[in-house]
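Structure file target_7.csv with CSV, C-alpha atoms and all ligand atoms:
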chain,number,residue,atom,x,y,z
A,145,MET,CA,12.6,2.8,-0.3
A,146,THR,CA,15.3,5.3,0.4
A,147,ASP,CA,18.2,4.2,2.6
A,148,VAL,CA,17.1,6.1,5.7
A,149,VAL,CA,13.6,4.7,5.4
A,150,GLU,CA,14.9,1.2,4.9
A,151,ASN,CA,17.4,1.5,7.8
A,152,MET,CA,14.6,2.5,10.1
A,153,ALA,CA,12.5,-0.6,9.1
A,154,VAL,CA,15.5,-2.9,9.7
A,155,TYR,CA,16.3,-1.2,13.0
A,156,TYR,CA,12.8,-1.7,14.4
A,157,ALA,CA,12.7,-5.4,13.3
A,158,GLN,CA,15.9,-6.0,15.2
A,159,ARG,CA,14.6,-4.1,18.3
A,160,ALA,CA,11.1,-5.7,18.4
A,161,ALA,CA,11.6,-8.1,21.3
A,162,TYR,CA,12.6,-5.3,23.7
A,163,TYR,CA,11.2,-2.2,22.0
A,164,GLU,CA,8.7,-1.6,24.8
A,165,ARG,CA,11.4,-0.9,27.4
A,166,VAL,CA,11.1,2.7,26.2
A,167,TYR,CA,7.6,2.7,27.7
A,168,PHE,CA,9.0,1.9,31.1
A,169,LYS,CA,11.2,5.0,31.5
A,170,PRO,CA,10.0,6.3,34.9
A,171,GLU,CA,9.9,10.0,33.9
A,172,ARG,CA,7.4,9.2,31.0
A,173,GLN,CA,4.8,7.4,33.1
A,174,THR,CA,2.6,10.4,33.9
A,175,ASP,CA,2.4,11.4,30.2
A,176,LEU,CA,1.8,7.8,29.1
A,177,ARG,CA,-1.1,7.3,31.5
A,178,ALA,CA,-2.8,10.6,30.4
A,179,MET,CA,-2.4,9.8,26.7
A,180,GLU,CA,-3.6,6.3,27.0
A,181,ALA,CA,-6.7,7.5,28.9
A,182,SER,CA,-7.4,10.1,26.2
A,183,LEU,CA,-7.4,7.7,23.2
A,184,PRO,CA,-10.6,5.6,23.5
A,185,ALA,CA,-12.9,8.6,23.2
A,186,LEU,CA,-11.1,9.9,20.1
A,187,PHE,CA,-11.9,6.7,18.1
A,188,ALA,CA,-15.2,5.6,19.7
A,189,GLY,CA,-17.5,4.1,17.0
A,190,ARG,CA,-15.0,4.7,14.2
A,191,ARG,CA,-13.3,2.4,11.6
A,192,VAL,CA,-9.7,3.1,12.3
A,193,LEU,CA,-6.5,2.5,10.3
A,194,GLU,CA,-3.4,2.3,12.5
A,195,ILE,CA,-0.1,3.0,10.7
A,196,ALA,CA,3.1,1.4,12.0
A,197,CYS,CA,1.5,-0.2,15.1
A,198,GLY,CA,4.8,-1.8,16.1
A,199,THR,CA,4.4,-3.9,19.3
A,200,GLY,CA,0.9,-2.4,19.8
A,201,TRP,CA,1.5,-0.2,22.8
A,202,TRP,CA,-1.3,2.2,21.9
A,203,THR,CA,-3.6,-0.3,20.1
A,204,PRO,CA,-5.6,-1.6,23.1
A,205,HIS,CA,-6.3,2.0,24.2
A,206,GLY,CA,-7.2,3.4,20.8
A,207,ALA,CA,-9.3,0.4,19.8
A,208,ARG,CA,-11.2,0.0,23.1
A,209,ASP,CA,-14.4,1.6,21.8
A,210,ALA,CA,-13.7,1.6,18.1
A,211,ALA,CA,-16.1,-0.1,15.7
A,212,ALA,CA,-13.2,-1.7,13.8
A,213,TRP,CA,-9.4,-1.2,14.1
A,214,LEU,CA,-6.9,-2.4,11.5
A,215,ALA,CA,-3.4,-2.4,13.0
A,216,THR,CA,-0.7,-2.3,10.3
A,217,ASP,CA,3.1,-2.4,10.2
A,218,LEU,CA,5.8,-3.4,7.7
A,219,ASN,CA,7.6,-5.7,10.1
A,220,PRO,CA,6.2,-9.1,11.1
A,221,GLU,CA,8.6,-9.1,14.1
A,222,THR,CA,7.0,-6.1,15.8
A,223,MET,CA,3.5,-7.1,14.9
A,224,ALA,CA,4.1,-10.6,16.4
A,225,VAL,CA,4.5,-8.9,19.9
A,226,ALA,CA,1.2,-6.9,19.3
A,227,ARG,CA,-0.7,-10.0,18.1
A,228,ALA,CA,0.2,-11.8,21.3
A,229,LYS,CA,-1.6,-9.2,23.5
A,230,ALA,CA,-5.1,-9.3,24.8
A,231,LEU,CA,-6.8,-6.9,22.5
A,232,PRO,CA,-10.4,-5.7,21.8
A,233,ALA,CA,-12.3,-8.0,19.4
A,234,SER,CA,-12.4,-5.2,16.9
A,235,VAL,CA,-8.7,-5.4,16.2
A,236,ARG,CA,-7.3,-7.0,13.0
A,237,PHE,CA,-3.7,-7.0,11.7
A,238,ALA,CA,-2.2,-6.5,8.3
A,239,THR,CA,1.3,-6.2,6.9
A,240,VAL,CA,1.2,-2.8,5.1
A,241,ASP,CA,4.0,-0.5,3.9
A,242,ALA,CA,3.0,2.9,5.2
A,243,TYR,CA,4.5,4.7,2.2
A,244,THR,CA,2.4,3.0,-0.4
A,245,MET,CA,-0.5,1.4,1.6
A,246,ALA,CA,-0.9,-0.8,-1.5
A,247,GLU,CA,-1.7,-3.9,0.6
A,248,LEU,CA,-4.9,-2.2,1.7
A,249,GLY,CA,-6.5,-2.7,-1.7
A,250,GLY,CA,-9.6,-0.4,-2.0
A,251,GLY,CA,-10.2,-0.2,1.8
A,252,THR,CA,-11.2,3.2,3.3
A,253,PHE,CA,-11.6,4.3,6.9
A,254,ASP,CA,-13.1,7.1,9.0
A,255,ALA,CA,-10.2,7.6,11.3
A,256,ALA,CA,-6.4,7.0,11.4
A,257,PHE,CA,-3.8,6.8,14.1
A,258,ALA,CA,0.0,6.7,14.1
A,259,GLY,CA,2.1,6.5,17.2
A,260,CYS,CA,5.8,7.6,17.0
A,261,TRP,CA,5.8,7.3,13.2
A,262,TRP,CA,5.7,11.0,12.1
A,263,SER,CA,9.1,11.6,13.6
A,264,HIS,CA,10.6,8.9,11.4
A,265,VAL,CA,9.3,10.2,8.0
A,266,PRO,CA,11.9,12.3,6.2
A,267,LEU,CA,10.6,15.9,6.0
A,268,GLN,CA,10.7,15.9,2.2
A,269,ARG,CA,8.4,12.8,2.2
A,270,LEU,CA,5.8,14.0,4.8
A,271,PRO,CA,3.4,15.8,2.3
A,272,ALA,CA,3.3,12.8,0.0
A,273,TRP,CA,2.9,10.4,2.9
A,274,LEU,CA,0.1,12.5,4.4
A,275,ALA,CA,-1.6,12.6,0.9
A,276,THR,CA,-1.4,8.8,0.7
A,277,LEU,CA,-2.9,8.5,4.1
A,278,HIS,CA,-5.7,11.0,3.5
A,279,ALA,CA,-6.6,9.2,0.2
A,280,ARG,CA,-7.7,6.3,2.4
A,281,LEU,CA,-9.9,8.4,4.7
A,282,GLU,CA,-13.5,9.4,4.1
A,283,PRO,CA,-14.8,13.0,4.5
A,284,GLY,CA,-15.2,13.8,8.2
A,285,ALA,CA,-12.4,11.4,9.2
A,286,ARG,CA,-10.4,12.0,12.4
A,287,VAL,CA,-6.6,11.8,12.3
A,288,VAL,CA,-4.5,11.4,15.4
A,289,MET,CA,-0.7,11.3,15.5
A,290,LEU,CA,1.4,11.2,18.7
A,291,ASP,CA,5.1,11.3,19.0
A,292,ASN,CA,8.1,12.2,21.2
A,293,SER,CA,9.1,15.6,22.2
A,294,PHE,CA,12.8,16.2,22.6
A,295,VAL,CA,13.8,16.3,26.3
A,296,GLN,CA,17.5,16.8,27.0
A,297,THR,CA,17.5,14.6,30.1
A,298,SER,CA,15.5,11.7,28.5
A,299,SER,CA,16.0,11.6,24.7
A,300,THR,CA,18.9,10.1,22.8
A,301,PRO,CA,21.1,13.1,21.7
A,302,LEU,CA,20.9,14.3,18.1
A,303,SER,CA,24.0,13.4,16.1
A,304,ARG,CA,23.5,15.4,13.0
A,305,ARG,CA,21.1,17.5,10.8
A,306,ASP,CA,20.9,17.0,7.0
A,307,ALA,CA,20.4,19.6,4.3
A,308,GLU,CA,16.6,19.1,4.4
A,309,GLY,CA,16.5,19.8,8.1
A,310,ASN,CA,16.0,16.1,9.2
A,311,THR,CA,17.7,15.2,12.5
A,312,PHE,CA,19.4,11.9,13.3
A,313,GLN,CA,20.3,9.8,16.4
A,314,ARG,CA,22.9,7.1,16.8
A,315,ARG,CA,21.3,4.2,18.6
A,316,VAL,CA,22.9,1.0,19.9
A,317,LEU,CA,20.9,-2.2,20.1
A,318,ASP,CA,21.5,-5.0,22.7
A,319,ASP,CA,23.7,-6.9,20.3
A,320,GLY,CA,26.1,-3.9,20.1
A,321,SER,CA,25.1,-2.9,16.6
A,322,GLU,CA,24.9,0.8,15.9
A,323,HIS,CA,22.2,2.4,13.8
A,324,GLU,CA,21.7,5.9,12.5
A,325,VAL,CA,17.9,6.6,12.9
A,326,LEU,CA,16.1,9.6,11.4
A,327,LYS,CA,14.1,11.2,14.2
A,328,ASN,CA,12.5,14.7,13.8
A,329,PHE,CA,11.0,16.8,16.5
A,330,PRO,CA,8.6,19.2,14.8
A,331,THR,CA,7.1,22.3,16.3
A,332,PRO,CA,3.2,22.6,16.1
A,333,GLU,CA,3.6,25.2,13.4
A,334,GLU,CA,5.9,22.9,11.3
A,335,ALA,CA,3.5,20.0,11.7
A,336,PHE,CA,0.4,22.1,10.8
A,337,ALA,CA,2.1,23.4,7.7
A,338,MET,CA,2.5,19.8,6.3
A,339,LEU,CA,-1.1,18.7,6.7
A,340,GLY,CA,-2.5,19.8,3.3
A,341,PRO,CA,-5.7,21.2,2.0
A,342,ARG,CA,-8.2,18.7,3.5
A,343,ALA,CA,-7.1,19.1,7.1
A,344,VAL,CA,-9.3,21.3,9.4
A,345,ASN,CA,-9.3,22.1,13.1
A,346,PRO,CA,-5.8,21.0,13.8
A,347,ARG,CA,-5.1,20.7,17.5
A,348,TRP,CA,-1.7,20.2,19.3
A,349,THR,CA,-1.5,18.9,22.9
A,350,ALA,CA,2.0,19.2,24.4
A,351,TYR,CA,2.9,16.8,27.1
A,352,GLU,CA,6.3,16.9,28.7
A,353,HIS,CA,7.7,13.9,26.7
A,354,TYR,CA,5.2,13.6,23.9
A,355,TRP,CA,2.9,15.6,21.7
A,356,VAL,CA,-0.5,14.7,20.2
A,357,LEU,CA,-1.7,16.2,16.9
A,358,SER,CA,-5.3,15.7,15.9
A,359,TYR,CA,-7.4,17.1,13.0
A,360,SER,CA,-10.3,16.3,10.8
A,361,LEU,CA,-10.6,15.9,7.1
A,362,THR,CA,-13.1,17.7,4.8
B,1,LIG,C1,8.9,3.9,16.5
B,1,LIG,S1,8.1,2.5,16.1
B,1,LIG,C2,6.4,2.9,16.6
B,1,LIG,C3,5.6,1.7,17.0
B,1,LIG,C4,4.3,2.0,17.7
B,1,LIG,N1,3.4,2.7,16.8
B,1,LIG,C5,4.5,2.8,18.9
B,1,LIG,O1,4.2,4.0,19.0
B,1,LIG,O2,5.1,2.2,19.9
B,1,LIG,C6,8.0,2.6,14.3
B,1,LIG,C7,7.4,1.4,13.6
B,1,LIG,O3,7.4,1.6,12.2
B,1,LIG,C8,7.5,0.4,11.6
B,1,LIG,N2,7.9,0.7,10.2
B,1,LIG,C9,9.1,1.0,9.7
B,1,LIG,N3,9.0,1.2,8.4
B,1,LIG,C10,7.7,1.0,8.0
B,1,LIG,C11,7.0,1.2,6.8
B,1,LIG,N4,7.6,1.5,5.7
B,1,LIG,N5,5.7,1.0,6.8
B,1,LIG,C12,5.0,0.6,8.0
B,1,LIG,N6,5.7,0.5,9.2
B,1,LIG,C13,7.0,0.7,9.2
B,1,LIG,C14,8.5,-0.4,12.4
B,1,LIG,O4,8.4,-1.8,12.2
B,1,LIG,C15,8.1,0.1,13.8
B,1,LIG,O5,7.2,-0.9,14.4

Would you put the structure from the file into structure tokens?
Amino acid sequence: MTDVVENMAVYYAQRAAYYERVYFKPERQTDLRAMEASLPALFAGRRVLEIACGTGWWTPHGARDAAAWLATDLNPETMAVARAKALPASVRFATVDAYTMAELGGGTFDAAFAGCWWSHVPLQRLPAWLATLHARLEPGARVVMLDNSFVQTSSTPLSRRDAEGNTFQRRVLDDGSEHEVLKNFPTPEEAFAMLGPRAVNPRWTAYEHYWVLSYSLT
């Protein structure tokens, strides 16, 4: 793993116990309720691979009417919070590195979901990461990604931009440790341009604090 990618994994392991505070920001509540309510129908009856499930904030909503839901993350620390939740019976967990997905063996799915993950993938790695994901998905699969929009009054300020165009934030954890975290805020056009040849009918829904990207695979 590259340094930025490794830093991100370590940062979220350390933040796991109080990660969900970010979901209690008052100004984000309207968006969150609307997005949560929209998820069950997107995955109804499908066999879903969730990438980087973290503490499982979105899992109960996405999995509500799914046929099967495999929630995956690299960090046991974040998944431990998710595992302790009341979840639909269709939910299973697995430790999976999103960049290789090697731990999945030969498993394939007819839908995929990733919450607040896209923004952390270095721009130069997005096409390869998407190809790795799509290789696990059957023709006709639905893909849904959601993530943060940059909102001056609510988001952590950007600290720098690198030569590839990735943006970074400096974040401080409760123990006082400071972490540089890669966090990108794509436009719909930038995101669509990354999707690759199998993606059809891309759709972008802009909320105030978040965006949702969905598309199908041929
Ligand atoms: C911003 S959190 C998103 C969590 C959750 N999906 C959400 O929307 O609340 C990013 C997650 O990515 C996980 N992660 C970091 N590196 C990873 C990797 N290489 N493969 C899989 N998950 C990884 C972290 O453990 C963390 O749970």

Residues within 7 Å of ligand LIG 1 (chain B), counting only C-alpha atoms and all ligand atoms, as number ranges by chain: A: 149-150, 152-153, 156-157, 195-202, 216-219, 222, 240-243, 258-261

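Here CA of Gly320 in chain A stands at a distance of 26.4 Å from CA of His353 in chain A.
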
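If you measure from each of A:Ala212, A:Leu302, A:Val235, A:Val344 to Gly284 in chain A using all atoms listed in the file, the closest one turns out to be A:Val344.
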
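If you count only C-alpha atoms and ignore residues fewer than 5 places along the chain from Gln313 in chain A, what sits within 7 Å of it is Thr300, Pro301, Leu302, Ser303, Glu324, Val325, Leu326 and Lys327 of chain A.
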
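Among the candidates A:Leu186, A:Val154, A:Met338, A:Leu361, the residue lying nearest to Leu270 in chain A is A:Met338 (atoms considered: all atoms listed in the file).
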
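A straight line drawn from CA of Phe336 in chain A to CA of Leu267 in chain A is 12.9 Å long.
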
Residues within 7 Å of (-0.7, 10.8, 13.0), file coordinates, counting only C-alpha atoms: what are they? Give the list as a CSV table (one decimal) with C-alpha atoms, keeping the file's coordinate frame.
chain,number,residue,atom,x,y,z
A,257,PHE,CA,-3.8,6.8,14.1
A,258,ALA,CA,0.0,6.7,14.1
A,259,GLY,CA,2.1,6.5,17.2
A,262,TRP,CA,5.7,11.0,12.1
A,287,VAL,CA,-6.6,11.8,12.3
A,288,VAL,CA,-4.5,11.4,15.4
A,289,MET,CA,-0.7,11.3,15.5
A,290,LEU,CA,1.4,11.2,18.7
A,357,LEU,CA,-1.7,16.2,16.9

Determine the nearest neighbour of Glu352 in chain A from the options A:Ser299, A:Ser321, A:Gln158, A:Asn310, counting all atoms listed in the file. A:Ser299

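Distances to Thr239 in chain A were evaluated for A:Pro266, A:Pro220, A:Pro170, A:Gly189 using only C-alpha atoms, and the minimum falls at A:Pro220.
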
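Close contacts of Pro341 in chain A, defined as residues with an atom at most 10 Å away when counting all atoms listed in the file, with chain neighbours fewer than 4 positions off set aside, comprise A:Ala275, A:Ala337, A:Leu361, A:Thr362.
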
Convert the current residue selection to file output with C-alpha atoms, as a PDB file, keeping the file's coordinate frame.
ATOM      1  CA  ALA A 275      -1.600  12.600   0.900  1.00  0.00           C
ATOM      2  CA  ALA A 337       2.100  23.400   7.700  1.00  0.00           C
ATOM      3  CA  LEU A 361     -10.600  15.900   7.100  1.00  0.00           C
ATOM      4  CA  THR A 362     -13.100  17.700   4.800  1.00  0.00           C
TER       5      THR A 362
END

Could you check how far CA of Arg347 in chain A sits from CA of Thr252 in chain A, in Å to one decimal? 23.3 Å

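Each of A:Ala350, A:Ala207, A:Ala178, A:Leu317 was compared to Pro332 in chain A using all atoms listed in the file, and A:Ala350 turns out to be the nearest.
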
Which residue is closest to Pro184 in chain A? Choose from A:Trp348, A:Phe168, A:Trp213, A:Tyr163 and count only C-alpha atoms. A:Trp213

May I have the protein, DNA and RNA residues with any atom at most 8 Å from the point (-7.9, 13.3, 10.2), counting all atoms listed in the file, written as a list in words? Ala255, Ala256, His278, Leu281, Gly284, Ala285, Arg286, Val287, Val288, Ala343, Ser358, Tyr359, Ser360 and Leu361 of chain A
